[in-house]
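Chemist: Sharing model13.tsv (TSV, C-alpha atoms) below.
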chain	number	residue	atom	x	y	z
A	1	MET	CA	1.01	-9.39	-26.49
A	2	LEU	CA	0.35	-7.04	-23.58
A	3	ALA	CA	3.42	-5.28	-22.21
A	4	GLY	CA	5.22	-7.25	-19.56
A	5	PHE	CA	3.02	-10.33	-19.75
A	6	CYS	CA	5.71	-12.63	-21.12
A	7	CYS	CA	7.78	-12.04	-17.97
A	8	PHE	CA	5.01	-12.96	-15.57
A	9	MET	CA	3.50	-16.25	-16.72
A	10	ASN	CA	2.62	-17.19	-13.16
A	11	GLU	CA	0.17	-16.46	-10.39
A	12	LYS	CA	2.79	-15.50	-7.84
A	13	VAL	CA	2.22	-12.45	-5.65
A	14	SER	CA	5.22	-10.24	-4.87
A	15	ILE	CA	4.80	-8.50	-1.51
A	16	ILE	CA	7.05	-5.44	-1.19
A	17	THR	CA	7.81	-4.31	2.36
A	18	PRO	CA	10.10	-1.37	3.15
A	19	CYS	CA	11.48	-1.43	6.69
A	20	TYR	CA	13.12	1.41	8.57
A	21	ASN	CA	13.64	0.78	12.29
A	22	GLY	CA	10.63	-1.51	12.25
A	23	ALA	CA	11.86	-4.23	14.59
A	24	LYS	CA	8.93	-3.72	16.98
A	25	TYR	CA	6.23	-4.68	14.48
A	26	ILE	CA	7.89	-6.37	11.50
A	27	GLY	CA	7.51	-9.83	13.06
A	28	GLU	CA	3.74	-9.44	13.32
A	29	THR	CA	3.60	-8.25	9.72
A	30	ILE	CA	5.66	-11.18	8.44
A	31	GLU	CA	3.62	-13.69	10.43
A	32	SER	CA	0.42	-12.35	8.86
A	33	VAL	CA	1.94	-13.08	5.45
A	34	MET	CA	3.14	-16.54	6.46
A	35	ALA	CA	-0.40	-17.29	7.67
A	36	GLN	CA	-1.94	-16.66	4.23
A	37	ASP	CA	-4.06	-19.50	2.88
A	38	TYR	CA	-2.78	-18.59	-0.61
A	39	GLU	CA	0.75	-19.95	-0.80
A	40	ASP	CA	2.22	-18.73	-4.10
A	41	TRP	CA	3.91	-15.57	-2.88
A	42	GLU	CA	7.28	-14.00	-2.24
A	43	MET	CA	7.93	-11.34	0.38
A	44	ILE	CA	10.74	-8.94	-0.43
A	45	ILE	CA	11.68	-6.91	2.63
A	46	VAL	CA	13.99	-3.97	1.95
A	47	ASN	CA	15.82	-2.91	5.10
A	48	ASP	CA	16.26	0.81	4.45
A	49	GLY	CA	19.35	1.51	6.57
A	50	SER	CA	17.72	0.69	9.91
A	51	SER	CA	19.74	1.48	13.04
A	52	ASP	CA	17.78	-0.96	15.21
A	53	ASN	CA	17.81	-4.78	15.02
A	54	SER	CA	15.28	-5.01	12.17
A	55	ALA	CA	17.66	-7.06	10.00
A	56	GLU	CA	18.22	-9.60	12.78
A	57	VAL	CA	14.49	-10.00	13.34
A	58	ILE	CA	13.85	-10.44	9.63
A	59	ARG	CA	16.64	-13.01	9.27
A	60	GLN	CA	14.89	-15.21	11.82
A	61	TYR	CA	12.00	-15.47	9.35
A	62	THR	CA	14.08	-15.85	6.19
A	63	ALA	CA	15.65	-18.88	7.88
A	64	LYS	CA	12.18	-20.38	8.37
A	65	ASP	CA	10.62	-19.63	4.99
A	66	PRO	CA	12.53	-19.37	1.67
A	67	ARG	CA	9.73	-17.24	0.21
A	68	ILE	CA	10.89	-14.38	2.46
A	69	ARG	CA	13.87	-12.39	1.18
A	70	LEU	CA	15.86	-9.65	2.90
A	71	ILE	CA	17.59	-6.89	0.97
A	72	ASN	CA	19.77	-4.42	2.88
A	73	GLN	CA	20.42	-0.94	1.51
A	74	LYS	CA	21.55	2.47	2.67
A	75	ASN	CA	18.72	4.72	3.81
A	76	GLY	CA	16.93	6.12	0.77
A	77	GLY	CA	13.35	6.56	1.96
A	78	SER	CA	10.30	4.37	1.57
A	79	ALA	CA	9.76	5.14	-2.14
A	80	ASN	CA	13.35	4.19	-2.94
A	81	ALA	CA	13.08	1.01	-0.85
A	82	ARG	CA	9.80	0.02	-2.47
A	83	ASN	CA	11.22	0.59	-5.94
A	84	HIS	CA	14.21	-1.60	-5.07
A	85	GLY	CA	11.78	-4.37	-4.10
A	86	ILE	CA	9.61	-3.91	-7.18
A	87	ARG	CA	12.65	-4.19	-9.44
A	88	GLU	CA	13.51	-7.50	-7.77
A	89	ALA	CA	9.94	-8.83	-7.87
A	90	SER	CA	9.24	-11.92	-9.98
A	91	GLY	CA	5.51	-12.24	-9.33
A	92	ARG	CA	2.67	-11.29	-11.61
A	93	TYR	CA	0.87	-9.37	-8.85
A	94	ILE	CA	2.36	-6.57	-6.75
A	95	CYS	CA	1.31	-5.66	-3.20
A	96	LEU	CA	2.78	-2.92	-1.00
A	97	LEU	CA	2.66	-3.93	2.66
A	98	ASP	CA	4.34	-1.69	5.22
A	99	ALA	CA	6.41	-3.12	8.07
A	100	ASP	CA	3.78	-2.44	10.73
A	101	ASP	CA	0.56	-3.38	8.94
A	102	VAL	CA	-1.24	-6.72	9.07
A	103	TRP	CA	-3.28	-8.90	6.72
A	104	TYR	CA	-6.00	-11.34	7.64
A	105	PRO	CA	-5.17	-14.93	6.57
A	106	SER	CA	-7.53	-14.85	3.60
A	107	PHE	CA	-6.28	-11.54	2.20
A	108	LEU	CA	-4.47	-12.88	-0.86
A	109	SER	CA	-6.96	-15.59	-1.76
A	110	GLU	CA	-9.91	-13.21	-1.38
A	111	GLN	CA	-8.28	-10.44	-3.38
A	112	LEU	CA	-7.13	-12.63	-6.26
A	113	SER	CA	-10.57	-14.25	-6.50
A	114	PHE	CA	-12.18	-10.81	-6.41
A	115	MET	CA	-9.79	-9.62	-9.10
A	116	LYS	CA	-10.71	-12.50	-11.40
A	117	GLU	CA	-14.44	-12.16	-10.72
A	118	ASN	CA	-14.30	-8.51	-11.82
A	119	ASN	CA	-11.75	-9.02	-14.61
A	120	ALA	CA	-9.78	-6.32	-12.84
A	121	ALA	CA	-6.13	-5.29	-12.82
A	122	VAL	CA	-6.32	-3.23	-9.61
A	123	VAL	CA	-8.27	-4.11	-6.50
A	124	CYS	CA	-8.34	-3.00	-2.88
A	125	SER	CA	-10.41	-3.85	0.19
A	126	SER	CA	-11.86	-2.40	3.36
A	127	TYR	CA	-9.61	-2.36	6.42
A	128	GLU	CA	-9.51	-1.62	10.14
A	129	HIS	CA	-7.23	0.68	12.13
A	130	ILE	CA	-5.04	-0.57	14.96
A	131	ASP	CA	-2.91	1.25	17.52
A	132	GLU	CA	0.59	0.58	18.88
A	133	ASN	CA	-0.78	-2.36	20.84
A	134	SER	CA	-2.62	-3.87	17.86
A	135	HIS	CA	-6.02	-2.90	19.28
A	136	VAL	CA	-8.70	-2.00	16.74
A	137	PHE	CA	-10.03	1.55	17.09
A	138	GLY	CA	-12.02	4.10	15.11
A	139	GLU	CA	-14.31	3.28	12.24
A	140	THR	CA	-13.60	0.73	9.54
A	141	ASP	CA	-12.29	2.26	6.33
A	142	HIS	CA	-14.80	1.05	3.75
A	143	CYS	CA	-13.54	1.23	0.18
A	144	MET	CA	-15.53	2.44	-2.79
A	145	PRO	CA	-16.96	-0.41	-4.91
A	146	VAL	CA	-15.72	1.19	-8.13
A	147	ILE	CA	-12.82	3.64	-8.26
A	148	ARG	CA	-12.02	5.72	-11.32
A	149	THR	CA	-9.32	8.29	-12.03
A	150	LYS	CA	-11.61	11.19	-11.15
A	151	ASP	CA	-12.21	9.62	-7.73
A	152	MET	CA	-8.47	9.35	-7.14
A	153	TYR	CA	-8.04	13.06	-7.87
A	154	VAL	CA	-10.21	13.84	-4.83
A	155	MET	CA	-8.22	11.62	-2.44
A	156	ASN	CA	-6.42	8.30	-2.42
A	157	ARG	CA	-9.26	5.80	-2.50
A	158	ILE	CA	-6.95	2.77	-2.26
A	159	GLY	CA	-5.62	1.77	1.13
A	160	CYS	CA	-2.00	0.99	0.27
A	161	LEU	CA	-1.88	-2.15	2.40
A	162	THR	CA	-4.92	-3.57	0.59
A	163	GLY	CA	-4.02	-2.81	-3.02
A	164	VAL	CA	-3.16	-5.54	-5.53
A	165	TYR	CA	-1.89	-4.61	-8.99
A	166	ASP	CA	-1.57	-6.94	-11.98
A	167	ALA	CA	1.89	-6.09	-13.31
A	168	GLY	CA	1.71	-9.04	-15.68
A	169	THR	CA	-0.88	-7.24	-17.77
A	170	TYR	CA	0.17	-3.60	-17.56
A	171	GLY	CA	3.85	-3.75	-16.62
A	172	LYS	CA	5.52	-2.68	-13.42
A	173	VAL	CA	4.73	0.70	-11.89
A	174	PHE	CA	7.30	2.50	-9.73
A	175	LEU	CA	6.95	5.08	-7.03
A	176	LYS	CA	7.88	8.73	-7.51
A	177	GLU	CA	11.05	9.17	-5.47
A	178	GLU	CA	11.02	12.91	-6.07
A	179	LEU	CA	8.05	13.10	-3.68
A	180	LYS	CA	10.48	12.22	-0.88
A	181	SER	CA	8.30	9.38	0.43
A	182	LEU	CA	5.41	11.75	1.20
A	183	ARG	CA	2.21	10.73	-0.63
A	184	ASP	CA	4.30	8.57	-2.95
A	185	ASP	CA	1.83	5.74	-2.32
A	186	TYR	CA	-1.01	8.03	-3.44
A	187	ALA	CA	0.84	8.80	-6.68
A	188	TYR	CA	1.58	5.09	-7.18
A	189	TRP	CA	-2.02	3.95	-6.93
A	190	LEU	CA	-3.21	6.90	-9.00
A	191	GLU	CA	-0.88	5.79	-11.81
A	192	CYS	CA	-2.12	2.20	-11.48
A	193	VAL	CA	-5.73	3.36	-11.86
A	194	GLU	CA	-4.80	5.63	-14.77
A	195	LYS	CA	-3.16	2.69	-16.53
A	196	THR	CA	-6.08	0.31	-16.02
A	197	GLY	CA	-8.96	2.78	-16.15
A	198	VAL	CA	-10.70	1.48	-13.07
A	199	ALA	CA	-10.13	-0.27	-9.75
A	200	TYR	CA	-12.60	-2.35	-7.76
A	201	GLY	CA	-13.06	-2.33	-4.00
A	202	ASN	CA	-13.74	-5.54	-2.09
A	203	GLN	CA	-16.10	-4.61	0.74
A	204	LYS	CA	-14.73	-7.35	2.99
A	205	ILE	CA	-12.41	-6.28	5.83
A	206	LEU	CA	-9.13	-8.00	5.01
A	207	ALA	CA	-6.38	-5.95	6.67
A	208	LYS	CA	-5.35	-3.82	9.65
A	209	TYR	CA	-3.63	-0.48	9.21
A	210	ARG	CA	-1.46	0.61	12.10
A	211	VAL	CA	-1.67	4.26	13.17
A	212	LEU	CA	1.30	5.45	15.22
A	213	GLY	CA	1.34	8.77	17.02
A	214	SER	CA	4.78	9.58	15.59
A	215	SER	CA	3.86	8.68	12.01
A	216	THR	CA	3.00	11.11	9.21
A	217	THR	CA	-0.61	9.94	9.51
A	218	GLY	CA	-0.54	10.78	13.20
A	219	ASN	CA	0.91	14.26	12.53
A	220	LYS	CA	-2.24	15.90	11.20
A	221	LYS	CA	-0.89	19.44	10.66
A	222	LYS	CA	2.08	18.17	8.69
A	223	LEU	CA	-0.13	15.89	6.62
A	224	VAL	CA	-2.51	18.72	5.67
A	225	LYS	CA	0.42	20.67	4.23
A	226	VAL	CA	1.66	17.60	2.36
A	227	GLN	CA	-1.81	16.91	0.98
A	228	TRP	CA	-2.19	20.52	-0.18
A	229	ARG	CA	1.17	20.43	-1.95
A	230	PHE	CA	0.25	17.14	-3.60
A	231	TYR	CA	-2.98	18.62	-4.99
A	232	ARG	CA	-1.31	21.80	-6.21
A	233	GLU	CA	2.15	20.66	-7.32
A	234	TYR	CA	1.61	17.05	-8.42
A	235	LEU	CA	-2.01	16.99	-9.59
A	236	HIS	CA	-1.86	20.67	-10.67
A	237	LEU	CA	-5.32	21.44	-9.32
A	238	ASN	CA	-6.33	25.10	-9.09
A	239	PRO	CA	-6.62	26.63	-5.58
A	240	LEU	CA	-10.40	26.22	-5.43
A	241	GLN	CA	-10.26	22.55	-6.45
A	242	ALA	CA	-7.41	21.90	-4.01
A	243	CYS	CA	-9.27	23.63	-1.16
A	244	THR	CA	-12.46	21.69	-1.89
A	245	ASN	CA	-10.56	18.40	-1.94
A	246	ILE	CA	-8.72	19.25	1.31
A	247	ILE	CA	-12.07	19.77	3.04
A	248	ARG	CA	-13.49	16.49	1.68
A	249	TRP	CA	-10.30	14.65	2.62
A	250	GLY	CA	-10.33	16.19	6.11
A	251	PHE	CA	-13.92	15.19	6.83
A	252	ALA	CA	-13.17	11.66	5.62
A	253	GLY	CA	-10.29	11.49	8.09
A	254	LEU	CA	-12.45	12.71	10.96
A	255	ARG	CA	-14.99	9.96	10.27
A	256	LYS	CA	-12.24	7.32	10.37
A	257	PHE	CA	-10.65	8.23	13.68
A	258	ARG	CA	-13.40	9.78	15.76
How would this structure read if it were set down as structure tokens?

Modeler:
Amino acid sequence: MLAGFCCFMNEKVSIITPCYNGAKYIGETIESVMAQDYEDWEMIIVNDGSSDNSAEVIRQYTAKDPRIRLINQKNGGSANARNHGIREASGRYICLLDADDVWYPSFLSEQLSFMKENNAAVVCSSYEHIDENSHVFGETDHCMPVIRTKDMYVMNRIGCLTGVYDAGTYGKVFLKEELKSLRDDYAYWLECVEKTGVAYGNQKILAKYRVLGSSTTGNKKKLVKVQWRFYREYLHLNPLQACTNIIRWGFAGLRKFR
């Protein structure tokens, strides 16, 4: 029997959402989950020591829908919060949805159908970018149809908010907390692809990724340094390979947000 399968004899999706001072957007995120036309899901929201009223906002939704669960913890960073949620997850499939991102109503049904059509254990999809006011901007991020480990070594080819991983077949995967929540999602999806051998990209646009000016994504200089360190210290690429990948990654980013 495949590792972990006996614990996940269901088709439930576990949605893991870390939340740190996310009161402004968490309601929109939760409502996008509640609007899913696929109903067998649980949403585990880990309140990572927020100092705003995130917990109060979330409780309004847990009172409405028993599939939504709130876990409060001391601040430990997004990787720690995600791992807390993954440990608590009871679903066969794992999704990582941040507290300011949004799914279209057919996200889960489309992705699970796509997964079964391709006999896949990891899938992702194309997605749009939205600003602080939920307005779409920039170019759509179109995923690769087929993603292999070598593709992941160039850059993260899986938009974290669109990824679905079959933990029932390959066992749970946890984030690398030693990365201090910087590129931990990249390392997570890389490990998922390494376990399964391949991921498949659904070309349909099924989600909206929020870009905030104060976020790591918005801080381009900081992110370049983080990306370089990830190539050199985590992937152990030589300087030439790392430099080449930084250039490719940078041009990809320019195309997205121009």

Chemist: Give the answer as one residue: which of A:Leu108, A:Leu179, A:Leu97, A:Ala89 has the shortest atom-to-atom distance to Ala167 (chain A), using all atoms listed in the file?

Modeler: A:Ala89

Chemist: Leaving out Trp103 (chain A) and any residue of its chain fewer than 5 positions from it, which residues lie within 7 Å of it when counting all atoms listed in the file, given as a list in words?

Modeler: Ser32, Val33, Leu206, Ala207 and Lys208 of chain A

Chemist: Write out as an MDAnalysis selection string the residues lying within 10 Å of Glu191 (chain A), counting only C-alpha atoms and excluding same-chain residues fewer than 2 positions away.

Modeler: chainID A and resid 149 152 173:175 185:189 193:197

Chemist: Starting from the point (3.4, -17.4, 13.3), work out which residues of protein, DNA or RNA have an atom no more than 12 Å away when counting all atoms listed in the file; state them as a list of chain:residue names.

Modeler: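 Every residue inside that radius is included here: A:Gly27, A:Glu28, A:Thr29, A:Ile30, A:Glu31, A:Ser32, A:Val33, A:Met34, A:Ala35, A:Gln36, A:Gln60, A:Tyr61, A:Lys64, A:Asp65, A:Pro105.
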
Chemist: So which one's closest to Ile16 (chain A), A:Glu177, A:Asp98, A:Asp151, A:Asp48? Using all atoms listed in the file, please.

Modeler: A:Asp98

Chemist: CA of Glu42 (chain A) and CA of Asn10 (chain A), how far apart in Å?

Modeler: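 Separation of CA of Asn10 (chain A) and CA of Glu42 (chain A): 12.3 Å.
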
Chemist: How many Å separate CA of Gln241 (chain A) from CA of Gln227 (chain A)?

Modeler: 12.6 Å

Chemist: For CA of Pro145 (chain A) and CA of Leu237 (chain A), determine how far apart the two atoms are, in Å to one decimal place.

Modeler: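 Between CA of Pro145 (chain A) and CA of Leu237 (chain A) the gap works out to 25.1 Å.
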
Chemist: Quick one: residues within 10 Å of Ala242 (chain A), all atoms listed in the file, excluding same-chain residues fewer than 2 positions away - as a list of chain:residue names?

Modeler: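 Counting all atoms listed in the file, the residues come to A:Tyr153, A:Val154, A:Gln227, A:Trp228, A:Arg229, A:Phe230, A:Tyr231, A:Arg232, A:Leu235, A:His236, A:Leu237, A:Asn238, A:Pro239, A:Leu240, A:Thr244, A:Asn245, A:Ile246, A:Ile247, A:Arg248.
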
Chemist: Looking at only C-alpha atoms, which of A:Phe251, A:Asp52, A:Glu178, A:Asn133 is the one that sits closest to Glu233 (chain A)?

Modeler: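 The answer is A:Glu178, which sits nearest to Glu233 (chain A).
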
Chemist: Just checking: using only C-alpha atoms, which residue out of A:Met144, A:Leu223, A:Asn83, A:Tyr200 ends up closest to Glu117 (chain A)?

Modeler: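 Closest residue, counting only C-alpha atoms: A:Tyr200.
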
Chemist: Identify, on the basis of all atoms listed in the file, every residue whose closest approach to Tyr20 (chain A) does not exceed 9 Å; exclude the query and any residue fewer than 5 positions from it along the same chain; express the result as a list in words.

Modeler: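 Close residues of Tyr20 (chain A): Val46, Asn47, Asp48, Gly49, Ser50, Ser51, Asp52, Ser54, Asn75, Gly77, Ser78 and Ala99 of chain A.
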
Chemist: Generate the output file for the selected residues, C-alpha atoms, as a PDB file, in the coordinates of the input.

Modeler:
ATOM      1  CA  VAL A  46      13.990  -3.970   1.950  1.00  0.00           C
ATOM      2  CA  ASN A  47      15.820  -2.910   5.100  1.00  0.00           C
ATOM      3  CA  ASP A  48      16.260   0.810   4.450  1.00  0.00           C
ATOM      4  CA  GLY A  49      19.350   1.510   6.570  1.00  0.00           C
ATOM      5  CA  SER A  50      17.720   0.690   9.910  1.00  0.00           C
ATOM      6  CA  SER A  51      19.740   1.480  13.040  1.00  0.00           C
ATOM      7  CA  ASP A  52      17.780  -0.960  15.210  1.00  0.00           C
ATOM      8  CA  SER A  54      15.280  -5.010  12.170  1.00  0.00           C
ATOM      9  CA  ASN A  75      18.720   4.720   3.810  1.00  0.00           C
ATOM     10  CA  GLY A  77      13.350   6.560   1.960  1.00  0.00           C
ATOM     11  CA  SER A  78      10.300   4.370   1.570  1.00  0.00           C
ATOM     12  CA  ALA A  99       6.410  -3.120   8.070  1.00  0.00           C
TER      13      ALA A  99
END

Chemist: Could you tell me which of A:Ala23, A:Cys243, A:Ile205, A:Leu112 comes closest to Glu128 (chain A) if we count only C-alpha atoms?

Modeler: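 Ranking A:Ala23, A:Cys243, A:Ile205, A:Leu112 by distance to Glu128 (chain A), first place goes to A:Ile205.
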
Chemist: Using only C-alpha atoms, which of A:Arg82, A:Ile71, A:Lys12, A:Tyr104 sits nearest Asp37 (chain A)?

Modeler: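 Ranked by minimum distance to Asp37 (chain A), first place goes to A:Tyr104.
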
Chemist: Do a neighbour search on Cys143 (chain A) at 10 Å with all atoms listed in the file, toss out local chain neighbours closer than 6 positions, and write the hits as a list in words.

Modeler: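 In the requested form, the answer reads Cys124, Ser125, Ser126, Tyr127, Arg157, Ile158, Gly159, Thr162, Tyr200, Gly201, Asn202, Gln203, Lys204 and Ile205 of chain A.
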
Chemist: Once you have the residues from the selection above, write them out as a tab-separated table (two decimals), in the coordinates of the input, restricted to C-alpha atoms.

Modeler:
chain	number	residue	atom	x	y	z
A	124	CYS	CA	-8.34	-3.00	-2.88
A	125	SER	CA	-10.41	-3.85	0.19
A	126	SER	CA	-11.86	-2.40	3.36
A	127	TYR	CA	-9.61	-2.36	6.42
A	157	ARG	CA	-9.26	5.80	-2.50
A	158	ILE	CA	-6.95	2.77	-2.26
A	159	GLY	CA	-5.62	1.77	1.13
A	162	THR	CA	-4.92	-3.57	0.59
A	200	TYR	CA	-12.60	-2.35	-7.76
A	201	GLY	CA	-13.06	-2.33	-4.00
A	202	ASN	CA	-13.74	-5.54	-2.09
A	203	GLN	CA	-16.10	-4.61	0.74
A	204	LYS	CA	-14.73	-7.35	2.99
A	205	ILE	CA	-12.41	-6.28	5.83

Chemist: Work out where the centre of an axis-aligned box around every listed atom of region 84-94 of chain A lies and how long its edges are once 3 Å is added on each side; give both in Å to one decimal as lines of an AutoDock Vina configuration file.

Modeler:
center_x = 7.5
center_y = -6.9
center_z = -7.9
size_x = 19.3
size_y = 16.6
size_z = 13.5
